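Peer 1: Input my_file_4.txt, format and content: compact mmCIF, C-alpha atoms.
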# COMPACT_ATOMS: atom_id res chain seq x y z
CA MET A 1 8.49 6.12 94.38
CA THR A 2 5.74 5.01 96.78
CA THR A 3 4.77 1.61 98.12
CA ASP A 4 1.35 2.10 96.51
CA GLN A 5 3.00 2.46 93.10
CA ILE A 6 4.95 -0.77 93.57
CA GLU A 7 1.91 -2.62 94.91
CA LEU A 8 -0.19 -1.57 91.92
CA LYS A 9 2.52 -2.59 89.46
CA LEU A 10 2.93 -5.99 91.14
CA SER A 11 -0.82 -6.57 90.81
CA GLU A 12 -0.70 -5.69 87.12
CA ILE A 13 2.28 -7.95 86.42
CA ILE A 14 0.88 -10.98 88.25
CA ASP A 15 -2.32 -10.66 86.19
CA VAL A 16 -0.23 -10.70 83.01
CA ILE A 17 1.77 -13.77 84.06
CA GLN A 18 -1.36 -15.71 84.97
CA ASN A 19 -2.83 -15.00 81.55
CA GLN A 20 0.24 -15.68 79.39
CA LYS A 21 1.80 -18.93 78.20
CA THR A 22 5.15 -19.08 76.46
CA ASN A 23 4.89 -22.65 75.07
CA LEU A 24 8.60 -22.85 75.92
CA PRO A 25 9.74 -25.05 78.81
CA GLY A 26 12.97 -23.28 79.83
CA LEU A 27 14.00 -21.24 82.84
CA MET A 28 15.11 -17.97 81.31
CA ARG A 29 12.37 -17.33 78.74
CA GLY A 30 9.87 -20.12 79.29
CA GLU A 31 7.40 -21.67 81.70
CA ALA A 32 10.00 -22.65 84.31
CA GLY A 33 10.90 -19.00 84.89
CA LEU A 34 7.25 -17.99 85.17
CA ILE A 35 6.70 -20.76 87.72
CA LEU A 36 9.63 -19.54 89.81
CA SER A 37 8.10 -16.05 89.86
CA LEU A 38 4.63 -17.33 90.72
CA PHE A 39 5.76 -19.42 93.68
CA TYR A 40 7.80 -16.60 95.18
CA TYR A 41 5.10 -14.00 94.69
CA ALA A 42 2.53 -16.33 96.26
CA ARG A 43 4.76 -16.70 99.31
CA TYR A 44 5.52 -12.99 99.55
CA ASN A 45 1.85 -12.00 99.27
CA GLN A 46 0.51 -15.05 101.14
CA ASP A 47 -1.76 -15.67 98.17
CA VAL A 48 -3.17 -19.21 98.17
CA ASN A 49 -4.78 -18.80 94.76
CA VAL A 50 -1.50 -17.83 93.08
CA ASN A 51 0.24 -20.70 94.86
CA ASP A 52 -2.34 -23.18 93.54
CA PHE A 53 -1.95 -21.68 90.09
CA ALA A 54 1.83 -22.13 90.30
CA TYR A 55 1.32 -25.84 91.08
CA LYS A 56 -1.00 -26.12 88.09
CA ARG A 57 1.57 -24.52 85.78
CA LEU A 58 4.30 -26.79 87.16
CA ASN A 59 2.29 -29.89 86.26
CA GLU A 60 1.63 -28.42 82.82
CA LEU A 61 5.38 -27.87 82.46
CA PHE A 62 6.05 -31.57 83.07
CA ASP A 63 3.49 -32.37 80.37
CA LEU A 64 5.09 -29.87 77.99
CA ILE A 65 8.51 -31.48 78.46
CA GLU A 66 7.07 -34.82 77.33
CA THR A 67 5.62 -33.38 74.13
CA THR A 68 8.28 -30.92 72.94
CA THR A 69 11.89 -30.98 71.82
CA ILE A 70 14.12 -29.61 74.57
CA ASP A 71 17.86 -29.09 74.85
CA HIS A 72 20.10 -29.61 77.88
CA SER A 73 21.07 -26.02 78.74
CA PHE A 74 20.51 -24.06 81.93
CA SER A 75 18.84 -21.30 79.96
CA SER A 76 16.24 -23.11 77.90
CA GLY A 77 16.63 -26.80 78.66
CA VAL A 78 16.58 -29.64 81.15
CA ALA A 79 19.42 -28.33 83.35
CA GLY A 80 17.46 -25.19 84.19
CA ILE A 81 14.29 -27.16 84.88
CA TYR A 82 16.27 -29.63 87.02
CA TRP A 83 17.65 -26.67 88.98
CA LEU A 84 14.15 -25.21 89.34
CA VAL A 85 12.66 -28.42 90.74
CA LEU A 86 15.53 -28.84 93.21
CA HIS A 87 15.28 -25.20 94.24
CA LEU A 88 11.53 -25.30 94.78
CA GLN A 89 11.99 -28.43 96.85
CA GLU A 90 14.84 -26.96 98.89
CA GLU A 91 12.79 -23.83 99.56
CA LYS A 92 9.86 -26.04 100.64
CA PHE A 93 7.50 -24.92 97.89
CA ILE A 94 6.98 -28.49 96.62
CA ASN A 95 7.79 -32.14 97.27
CA ILE A 96 8.68 -33.98 94.09
CA SER A 97 9.40 -37.57 93.03
CA LYS A 98 13.07 -38.63 93.14
CA TYR A 99 12.40 -40.74 90.04
CA LEU A 100 11.69 -37.63 88.02
CA LEU A 101 14.86 -35.94 89.27
CA ASN A 102 16.97 -39.02 88.55
CA GLU A 103 15.66 -39.09 84.97
CA TYR A 104 16.61 -35.45 84.42
CA GLU A 105 19.96 -35.98 86.13
CA ARG A 106 21.01 -38.81 83.83
CA PHE A 107 20.18 -36.69 80.80
CA ILE A 108 22.17 -33.63 81.87
CA ILE A 109 25.19 -35.60 83.10
CA LYS A 110 25.57 -36.99 79.58
CA ALA A 111 25.18 -33.46 78.19
CA LEU A 112 27.75 -32.12 80.66
CA TYR A 113 30.46 -34.37 79.23
CA PHE A 114 29.51 -33.30 75.70
CA GLU A 115 29.97 -29.62 76.56
CA LEU A 116 33.16 -30.22 78.58
CA GLU A 117 34.75 -32.13 75.72
CA ARG A 118 34.28 -29.19 73.36
CA GLY A 119 35.36 -26.62 75.92
CA ASN A 120 32.01 -24.80 76.08
CA PHE A 121 31.89 -23.31 79.59
CA ASP A 122 29.02 -20.88 78.91
CA PHE A 123 26.75 -20.52 81.96
CA LEU A 124 23.48 -20.12 80.09
CA HIS A 125 24.19 -22.53 77.22
CA GLY A 126 27.11 -24.75 78.18
CA ALA A 127 28.91 -26.78 80.81
CA ILE A 128 29.00 -24.37 83.75
CA GLY A 129 25.22 -24.01 83.86
CA ILE A 130 24.80 -27.79 83.90
CA ALA A 131 27.57 -28.27 86.48
CA TYR A 132 26.01 -25.56 88.65
CA ALA A 133 22.61 -27.27 88.53
CA LEU A 134 24.19 -30.59 89.52
CA LEU A 135 26.11 -28.93 92.35
CA SER A 136 22.80 -28.47 94.15
CA GLN A 137 22.75 -32.18 94.95
CA ARG A 138 26.32 -32.18 96.34
CA ARG A 139 26.55 -35.92 95.92
CA ASN A 140 28.32 -36.27 92.57
CA ASN A 141 31.86 -35.51 93.78
CA TYR A 142 33.39 -37.36 90.85
CA LEU A 143 31.59 -34.95 88.49
CA ILE A 144 33.01 -31.95 90.34
CA ASP A 145 36.51 -33.39 89.89
CA GLU A 146 35.84 -33.95 86.18
CA VAL A 147 34.59 -30.40 85.67
CA ILE A 148 37.61 -28.92 87.42
CA ALA A 149 39.95 -31.10 85.34
CA TYR A 150 38.40 -29.76 82.12
CA ILE A 151 38.48 -26.19 83.41
CA ARG A 152 42.18 -26.61 84.06
CA LYS A 153 42.73 -28.32 80.70
CA TYR A 154 41.18 -25.48 78.71
CA SER A 155 42.76 -22.65 80.71
CA ILE A 156 45.23 -20.42 78.87
CA GLU A 157 48.09 -18.73 80.71
CA GLU A 158 48.08 -15.03 79.88
CA ARG A 159 51.16 -14.43 81.97
CA GLU A 160 52.57 -16.07 85.07
CA GLY A 161 49.81 -16.20 87.67
CA ALA A 162 46.98 -15.13 85.32
CA LEU A 163 44.62 -17.54 83.53
CA LYS A 164 41.87 -17.01 80.95
CA TRP A 165 39.35 -19.14 79.06
CA MET A 166 38.18 -18.76 75.49
CA ASP A 167 34.55 -18.37 74.47
CA ILE A 168 32.61 -18.20 71.21
CA SER A 169 30.65 -14.94 71.08
CA PRO A 170 26.89 -15.68 70.92
CA LEU A 171 26.46 -12.52 68.81
CA SER A 172 29.29 -12.66 66.27
CA GLY A 173 30.47 -16.27 66.44
CA ARG A 174 34.05 -15.02 66.90
CA LYS A 175 36.51 -16.49 69.38
CA VAL A 176 36.79 -14.07 72.31
CA PHE A 177 37.75 -13.84 75.95
CA ASN A 178 34.45 -12.89 77.56
CA LEU A 179 34.58 -11.14 80.94
CA GLY A 180 30.84 -11.36 81.66
CA VAL A 181 28.69 -13.59 83.87
CA SER A 182 26.11 -14.91 81.41
CA HIS A 183 28.47 -16.25 78.76
CA GLY A 184 31.94 -15.51 80.07
CA MET A 185 34.74 -16.76 82.27
CA LEU A 186 33.37 -15.07 85.38
CA SER A 187 30.80 -17.86 85.75
CA ILE A 188 33.71 -20.34 85.81
CA LEU A 189 35.24 -18.49 88.77
CA ILE A 190 31.86 -18.29 90.54
CA TYR A 191 31.38 -22.04 90.11
CA LEU A 192 34.90 -22.77 91.39
CA SER A 193 34.34 -20.57 94.43
CA LYS A 194 31.16 -22.48 95.31
CA VAL A 195 33.08 -25.75 94.98
CA TYR A 196 35.83 -24.31 97.19
CA LEU A 197 33.21 -23.69 99.90
CA ILE A 198 32.50 -27.42 99.87
CA ASN A 199 36.01 -28.88 99.95
CA ASN A 200 38.60 -26.09 100.59
CA ASN A 201 40.91 -27.55 97.96
CA LEU A 202 44.03 -25.37 97.55
CA ASN A 203 44.37 -26.27 93.86
CA ILE A 204 40.89 -24.84 93.27
CA LEU A 205 41.85 -21.73 95.21
CA LYS A 206 44.87 -21.29 92.94
CA LEU A 207 42.69 -21.56 89.82
CA ILE A 208 40.29 -18.93 91.17
CA LEU A 209 42.99 -16.45 92.11
CA GLU A 210 44.80 -16.84 88.79
CA GLY A 211 41.53 -16.26 86.95
CA ILE A 212 40.83 -13.13 89.01
CA ASN A 213 44.35 -11.89 88.31
CA TYR A 214 43.52 -11.92 84.60
CA TYR A 215 40.74 -9.40 85.28
CA LEU A 216 42.51 -7.15 87.73
CA LEU A 217 46.05 -7.17 86.35
CA ASN A 218 45.25 -6.97 82.64
CA TYR A 219 41.97 -5.18 82.04
CA LYS A 220 40.86 -3.08 85.01
CA ARG A 221 41.04 0.57 84.00
CA ASP A 222 41.04 3.66 86.18
CA SER A 223 38.03 5.20 84.46
CA LEU A 224 34.26 5.44 84.73
CA ILE A 225 33.86 2.24 82.68
CA GLN A 226 36.40 -0.06 84.30
CA PHE A 227 36.24 -3.30 82.28
CA PRO A 228 35.61 -4.13 78.62
CA GLY A 229 32.87 -6.62 77.76
CA VAL A 230 35.04 -8.93 75.68
CA ILE A 231 38.64 -9.15 74.46
CA PHE A 232 39.22 -10.30 70.89
CA PHE A 233 42.04 -12.60 69.83
CA ASN A 234 43.94 -9.70 68.29
CA GLY A 235 43.97 -7.93 71.65
CA GLN A 236 41.32 -5.37 70.77
CA THR A 237 38.57 -4.83 73.34
CA GLU A 238 34.88 -4.05 73.23
CA SER A 239 35.17 -0.86 75.24
CA ASN A 240 31.58 0.30 75.83
CA SER A 241 30.33 -2.38 78.21
CA ARG A 242 26.89 -1.93 79.71
CA LEU A 243 25.72 -1.71 83.31
CA GLY A 244 23.90 -4.97 84.06
CA TRP A 245 24.02 -8.54 85.30
CA CYS A 246 25.15 -10.14 82.06
CA TYR A 247 28.14 -7.97 81.12
CA GLY A 248 30.08 -5.09 82.55
CA ASP A 249 31.39 -3.60 85.77
CA LEU A 250 28.34 -4.19 87.98
CA GLY A 251 28.13 -7.93 87.30
CA ILE A 252 31.92 -8.24 87.59
CA GLY A 253 32.13 -6.24 90.81
CA PHE A 254 29.30 -8.07 92.56
CA SER A 255 30.61 -11.47 91.48
CA LEU A 256 34.08 -10.62 92.80
CA LEU A 257 32.46 -9.50 96.07
CA LEU A 258 30.72 -12.86 96.49
CA ILE A 259 33.88 -14.76 95.52
CA GLY A 260 35.89 -12.69 98.01
CA LYS A 261 33.42 -13.56 100.76
CA ARG A 262 33.55 -17.25 99.91
CA LEU A 263 37.35 -17.19 100.02
CA ASN A 264 37.40 -14.91 103.08
CA ASN A 265 39.76 -12.69 101.07
CA LYS A 266 39.58 -9.14 102.46
CA ASN A 267 41.73 -7.64 99.70
CA LEU A 268 39.42 -9.01 97.01
CA ILE A 269 36.35 -7.84 98.93
CA ASN A 270 37.77 -4.30 99.15
CA GLU A 271 38.70 -4.34 95.46
CA ALA A 272 35.16 -5.44 94.56
CA ILE A 273 33.62 -2.70 96.73
CA ASN A 274 35.73 -0.05 95.00
CA ILE A 275 34.64 -1.37 91.60
CA LEU A 276 31.00 -1.27 92.71
CA LYS A 277 31.23 2.23 94.15
CA MET A 278 32.47 3.53 90.81
CA THR A 279 29.48 1.97 89.03
CA THR A 280 27.05 4.08 91.08
CA LYS A 281 28.27 7.15 89.15
CA ARG A 282 26.80 5.74 85.93
CA THR A 283 23.15 6.73 85.51
CA ASN A 284 22.65 8.09 81.97
CA PHE A 285 22.10 6.00 78.85
CA ASN A 286 25.51 6.68 77.30
CA ASP A 287 27.22 5.28 80.39
CA THR A 288 24.83 2.39 81.13
CA LYS A 289 23.26 1.35 77.80
CA ILE A 290 20.11 0.60 79.83
CA ILE A 291 16.98 0.83 77.71
CA ASP A 292 14.42 -1.54 79.32
CA ALA A 293 13.47 -3.00 82.70
CA SER A 294 14.79 -6.58 82.39
CA LEU A 295 16.79 -8.53 84.96
CA CYS A 296 19.46 -9.33 82.41
CA HIS A 297 20.55 -5.84 81.38
CA GLY A 298 17.79 -3.51 82.53
CA THR A 299 16.71 -1.43 85.48
CA ALA A 300 15.14 -4.24 87.54
CA GLY A 301 18.34 -6.29 87.46
CA VAL A 302 20.53 -3.31 88.34
CA ALA A 303 18.21 -2.31 91.20
CA HIS A 304 18.28 -5.84 92.60
CA ILE A 305 22.07 -6.18 92.39
CA TYR A 306 22.59 -2.86 94.18
CA HIS A 307 20.19 -4.00 96.89
CA ARG A 308 22.24 -7.20 97.23
CA CYS A 309 25.38 -5.04 97.41
CA PHE A 310 23.87 -3.12 100.31
CA LEU A 311 22.86 -6.29 102.15
CA GLU A 312 26.37 -7.74 101.75
CA THR A 313 28.24 -4.55 102.76
CA ASN A 314 25.87 -2.24 104.70
CA ILE A 315 27.12 0.63 102.52
CA LEU A 316 24.23 3.11 102.14
CA LEU A 317 25.47 4.31 98.75
CA PHE A 318 24.35 0.97 97.28
CA GLU A 319 20.90 1.20 98.85
CA ASP A 320 20.49 4.70 97.43
CA SER A 321 21.42 3.35 93.99
CA SER A 322 18.95 0.50 94.41
CA LYS A 323 16.13 2.95 95.19
CA TYR A 324 17.07 5.08 92.16
CA TRP A 325 16.94 2.10 89.80
CA MET A 326 13.71 0.80 91.38
CA MET A 327 12.16 4.17 90.55
CA GLN A 328 13.51 3.90 87.01
CA THR A 329 11.97 0.42 86.78
CA LEU A 330 8.52 1.82 87.52
CA GLN A 331 9.06 4.56 84.94
CA MET A 332 9.95 1.98 82.28
CA ALA A 333 6.28 0.88 82.26
CA LYS A 334 5.43 3.36 79.49
CA PHE A 335 3.92 1.26 76.69
CA GLU A 336 0.13 1.28 76.32
CA ASP A 337 0.27 -2.11 74.59
CA GLY A 338 2.98 -3.55 76.85
CA PHE A 339 2.71 -6.21 79.55
CA ALA A 340 1.77 -4.08 82.59
CA GLY A 341 3.29 -1.27 80.54
CA TYR A 342 6.62 -3.03 79.90
CA LYS A 343 8.32 -4.11 76.71
CA SER A 344 11.79 -5.58 76.17
CA PHE A 345 14.21 -4.27 73.57
CA TYR A 346 15.76 -6.80 71.17
CA GLY A 347 18.10 -4.62 69.12
CA SER A 348 17.33 -4.73 65.40
CA LYS A 349 14.14 -6.69 66.17
CA GLY A 350 12.81 -3.76 68.16
CA TRP A 351 10.45 -3.75 71.14
CA LYS A 352 8.58 -6.91 72.13
CA ASN A 353 6.19 -8.01 74.85
CA GLU A 354 8.16 -10.48 76.96
CA VAL A 355 6.83 -12.42 79.94
CA GLY A 356 9.96 -14.45 80.75
CA PHE A 357 12.26 -14.43 83.76
CA LEU A 358 15.53 -13.10 82.33
CA GLU A 359 14.28 -10.43 79.94
CA GLY A 360 10.59 -10.06 80.72
CA VAL A 361 8.04 -9.09 83.34
CA SER A 362 8.44 -12.25 85.46
CA GLY A 363 11.92 -11.03 86.37
CA VAL A 364 10.63 -7.51 86.98
CA LEU A 365 8.02 -9.00 89.32
CA LEU A 366 10.69 -10.78 91.38
CA SER A 367 12.91 -7.71 91.64
CA LEU A 368 10.06 -5.41 92.69
CA SER A 369 8.38 -7.91 95.01
CA SER A 370 11.52 -9.00 96.88
CA TYR A 371 12.24 -5.28 97.50
CA TYR A 372 8.63 -4.44 98.44
CA PHE A 373 8.19 -7.44 100.77
CA LYS A 374 11.72 -7.02 102.23
CA ASP A 375 13.03 -10.48 101.34
CA ASN A 376 16.67 -10.00 102.27
CA LYS A 377 17.60 -13.49 101.09
CA SER A 378 15.95 -13.35 97.64
CA ASN A 379 17.01 -16.93 97.01
CA TRP A 380 15.43 -16.86 93.57
CA GLY A 381 18.59 -14.95 92.61
CA GLN A 382 20.46 -18.24 92.74
CA ALA A 383 19.18 -18.73 89.19
CA LEU A 384 21.55 -15.88 88.23
CA LEU A 385 24.45 -16.76 90.57
CA LEU A 386 23.55 -13.79 92.78
CA ASN A 387 23.59 -15.44 96.22
CA LEU A 388 26.31 -16.68 98.55
Turn this file's structure into C-alpha cells for me.

Peer 2:
Amino acid sequence: MTTDQIELKLSEIIDVIQNQKTNLPGLMRGEAGLILSLFYYARYNQDVNVNDFAYKRLNELFDLIETTTIDHSFSSGVAGIYWLVLHLQEEKFINISKYLLNEYERFIIKALYFELERGNFDFLHGAIGIAYALLSQRRNNYLIDEVIAYIRKYSIEEREGALKWMDISPLSGRKVFNLGVSHGMLSILIYLSKVYLINNNLNILKLILEGINYYLLNYKRDSLIQFPGVIFFNGQTESNSRLGWCYGDLGIGFSLLLIGKRLNNKNLINEAINILKMTTKRTNFNDTKIIDASLCHGTAGVAHIYHRCFLETNILLFEDSSKYWMMQTLQMAKFEDGFAGYKSFYGSKGWKNEVGFLEGVSGVLLSLSSYYFKDNKSNWGQALLLNL
C-alpha cells in the first residue's frame, strides 16, 4: 500500500460523491452523511472548491427536509441531521441559526419520549440515538434524568450484579438480547458512560458496571470468536458474529476500552485490550464475515477502529492491523461499474452501488482520508460513538 494509491482512490471517491445525490436526507445513507464527508475532506485537503460544494449541499439538504417525509431517528431522520448541524458548528465548519436548531430539537424531544415509552433503545433507530444527539447541547439535564430513569425501568436482572436490555431484531423481528453497538445494549452503556463524564453520578456508574458484567460474566468465551452477536429468549446464541463496528468482538472491545477510559477503570481497560488483541488474529472470511469496504461491517470500518485502538493504547499490534485492513480496503475496489471501484453487499439483494456514510463510499473516503492526512482525532467518528 502506497500513499499514491490512497491519494488516487481519494480523488476518485470525491468525484463520485460530488456527482451523486441520494434524495434521502439522513445521516447514515443520505445527504447528511455525504455532507459530513465533504466538509472533512475539504479540510484535510485544504480544498476550497469542495468546501463550497459542501455548503451548497447543506443548503439543499435543508430544502429537501422541507419537501420530504422524514422520521426522527439518528440513522435516517431529524436526530441525525440535528447531530450533524451541531457537530459541524462545534468543529467550526459552519455557523447556523439557533432558530433552526430549536425547531429540530422540539421535534426530536417529542420523539424521544415516544421511543422511551415503548422501550426502544436502538442507537440507529430508537431512543439512544436521539438522546445522544441531544447530549451534544448539554443543557437539557432533565432529559438526561428521564432517559436514565427509562433505562433503569426497562433493565432486566440476569443475575445479581448483571443487567441486560431487550431488543427487537431488525432482521427477524424476534425479541433478543443484542450485544452490538448499532442496535444493541452496548450503545446504552456508551451513552451512560458519556453522561457519567458530565456528572459523576454513582447510580449511573452502577448501571454501567452491571451492564458490562452481563457481557463479561455471561457471554465472553475463551475462543477466537469471543462474543455472540445476539442471545435469543430461549438462551440460544447467534455464534458466528462478524468483525466490524456494528456487531461482534471488535465493536465490543473498542467500546469497552472507551468506557473504561471514561470511568478510569484500569481493569476494564485491560480486559478490553485483551479482547481487542484476540480480534487481530481474525483475517480470513470465515472468521470475519467481511465482504465489502463499508464502515459498518467492512474493511474501512475495521481499519479505522484498529487505528483508533492504536491511538488510545500505543500498542503497535493495532497499528499493524490497521495497515493490513487499509490495504484490504484498497483491494476491495474491484468492480468496473462500481463507485470508484466499490460496491456494497446487501445479502439476498446482492451487490449495489452505495454512496452513503455507513455502508458506502462516503464512509470509505473518511476512513482513508483521516489515515492519509494523519487526523488523530477523526472527530467524524462521533457519528458512530467512536470517540472519547

Peer 1: Calculated over only C-alpha atoms, which of the candidates A:Ala293, A:Val302, A:Asn141, A:Gly211 has the smallest distance to A:Val355?

Peer 2: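 Smallest separation from A:Val355 among the options: A:Ala293.
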
Peer 1: With distances taken over only C-alpha atoms, which of A:Thr67, A:Asn19, A:Ser255, A:Asn178 is nearest to A:Phe339?

Peer 2: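 Closest to A:Phe339 of all the choices is A:Asn19.
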
Peer 1: Can you work out the spacing between atom CA of A:Ile204 and atom CA of A:Phe121 in Å, to one decimal?

Peer 2: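 Computing the Euclidean distance for atom CA of A:Ile204 and atom CA of A:Phe121 yields 16.4 Å.
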
Peer 1: Tell me which protein, DNA and RNA residues are within 10 Å of A:Ser169, counting all atoms listed in the file, leaving out same-chain ones fewer than 5 positions away, and put them as number ranges by chain.

Peer 2: A: 122, 174-178, 183-184, 230, 232

Peer 1: Could those residues be written to a file, using C-alpha atoms, as a short mmCIF file (atom, residue, chain, number, x, y, z; two decimals), in the coordinates of the input?

Peer 2:
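Saved file part.cif follows:
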data_model
loop_
_atom_site.label_atom_id
_atom_site.label_comp_id
_atom_site.auth_asym_id
_atom_site.auth_seq_id
_atom_site.Cartn_x
_atom_site.Cartn_y
_atom_site.Cartn_z
CA ASP A 122 29.02 -20.88 78.91
CA ARG A 174 34.05 -15.02 66.90
CA LYS A 175 36.51 -16.49 69.38
CA VAL A 176 36.79 -14.07 72.31
CA PHE A 177 37.75 -13.84 75.95
CA ASN A 178 34.45 -12.89 77.56
CA HIS A 183 28.47 -16.25 78.76
CA GLY A 184 31.94 -15.51 80.07
CA VAL A 230 35.04 -8.93 75.68
CA PHE A 232 39.22 -10.30 70.89
#

Peer 1: Which residue out of A:Lys374, A:Lys261, A:Arg106, A:Lys9 has the minimum interatomic distance to A:His307 when all atoms listed in the file are used?

Peer 2: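 Result for the nearest residue to A:His307: A:Lys374.
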
Peer 1: Around the point (28.7, -9.1, 88.1) in the file's coordinates, collect all residues with an atom within 12 Å, using all atoms listed in the file, and return them as a ChimeraX atom specification.

Peer 2: /A:179-187,189-190,227,229,242-259,272-273,275-276,279,296-297,301-302,304-306,308-309,384-387

Peer 1: If you count only C-alpha atoms, which residues fall within 10 Å of A:Ala131, apart from same-chain ones fewer than 6 positions away, as a PDB file with C-alpha atoms, in the coordinates of the input?

Peer 2:
ATOM      1  CA  PHE A  74      20.510 -24.060  81.930  1.00  0.00           C
ATOM      2  CA  ALA A  79      19.420 -28.330  83.350  1.00  0.00           C
ATOM      3  CA  ILE A 108      22.170 -33.630  81.870  1.00  0.00           C
ATOM      4  CA  ILE A 109      25.190 -35.600  83.100  1.00  0.00           C
ATOM      5  CA  LEU A 112      27.750 -32.120  80.660  1.00  0.00           C
ATOM      6  CA  TYR A 113      30.460 -34.370  79.230  1.00  0.00           C
ATOM      7  CA  LEU A 116      33.160 -30.220  78.580  1.00  0.00           C
ATOM      8  CA  PHE A 121      31.890 -23.310  79.590  1.00  0.00           C
ATOM      9  CA  PHE A 123      26.750 -20.520  81.960  1.00  0.00           C
ATOM     10  CA  LEU A 143      31.590 -34.950  88.490  1.00  0.00           C
ATOM     11  CA  ILE A 144      33.010 -31.950  90.340  1.00  0.00           C
ATOM     12  CA  VAL A 147      34.590 -30.400  85.670  1.00  0.00           C
ATOM     13  CA  TYR A 191      31.380 -22.040  90.110  1.00  0.00           C
TER      14      TYR A 191
END

Peer 1: Could you list, as an MDAnalysis selection string, every residue within 10 Å of A:Gly363, counting only C-alpha atoms and ignoring same-chain residues fewer than 5 positions away?

Peer 2: chainID A and resid 28:29 33:34 36:37 293:296 300:301 355:358 368:369 380:381

Peer 1: In terms of the shortest atom-to-atom distance over all atoms listed in the file, which of A:Ile198, A:Leu388, A:Val78, A:Ile130 is closest to A:Ile65?

Peer 2: A:Val78

Peer 1: Show which residues sit within 10 Å of A:Tyr219, as a list of chain:residue names. Count only C-alpha atoms, and ignore same-chain residues fewer than 4 positions away.

Peer 2: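 What passes the distance filter is A:Leu179, A:Asn213, A:Tyr214, A:Tyr215, A:Gln226, A:Phe227, A:Pro228, A:Ile231, A:Thr237.
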
Peer 1: One decimal, in Å: what's the spacing between atom CA of A:Leu84 and atom CA of A:Asn379?

Peer 2: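 Going from atom CA of A:Leu84 over to atom CA of A:Asn379 covers 11.6 Å.
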
Peer 1: Could you please determine the separation between atom CA of A:Ile225 and atom CA of A:Lys289 in Å, to one decimal place?

Peer 2: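 Computed distance, atom CA of A:Ile225 to atom CA of A:Lys289, equals 11.7 Å.
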
Peer 1: Counting all atoms listed in the file, what is within 8 Å of A:Phe318, bar same-chain residues fewer than 2 positions away, as a VMD selection string?

Peer 2: chain A and resid 277 280 306 to 307 309 to 310 315 to 316 320 to 322

Peer 1: Could you check the closest approach to A:Leu27 for each of A:Ile212, A:Leu365, A:Val48, A:Ile70 and tell me which residue wins, using all atoms listed in the file?

Peer 2: A:Ile70

Peer 1: Between A:Asp287, A:Glu31, A:Glu336, A:Glu210, single out the one closest to A:Ala54, counting all atoms listed in the file.

Peer 2: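 Of A:Asp287, A:Glu31, A:Glu336, A:Glu210, the one nearest A:Ala54 is A:Glu31, counting all atoms listed in the file.
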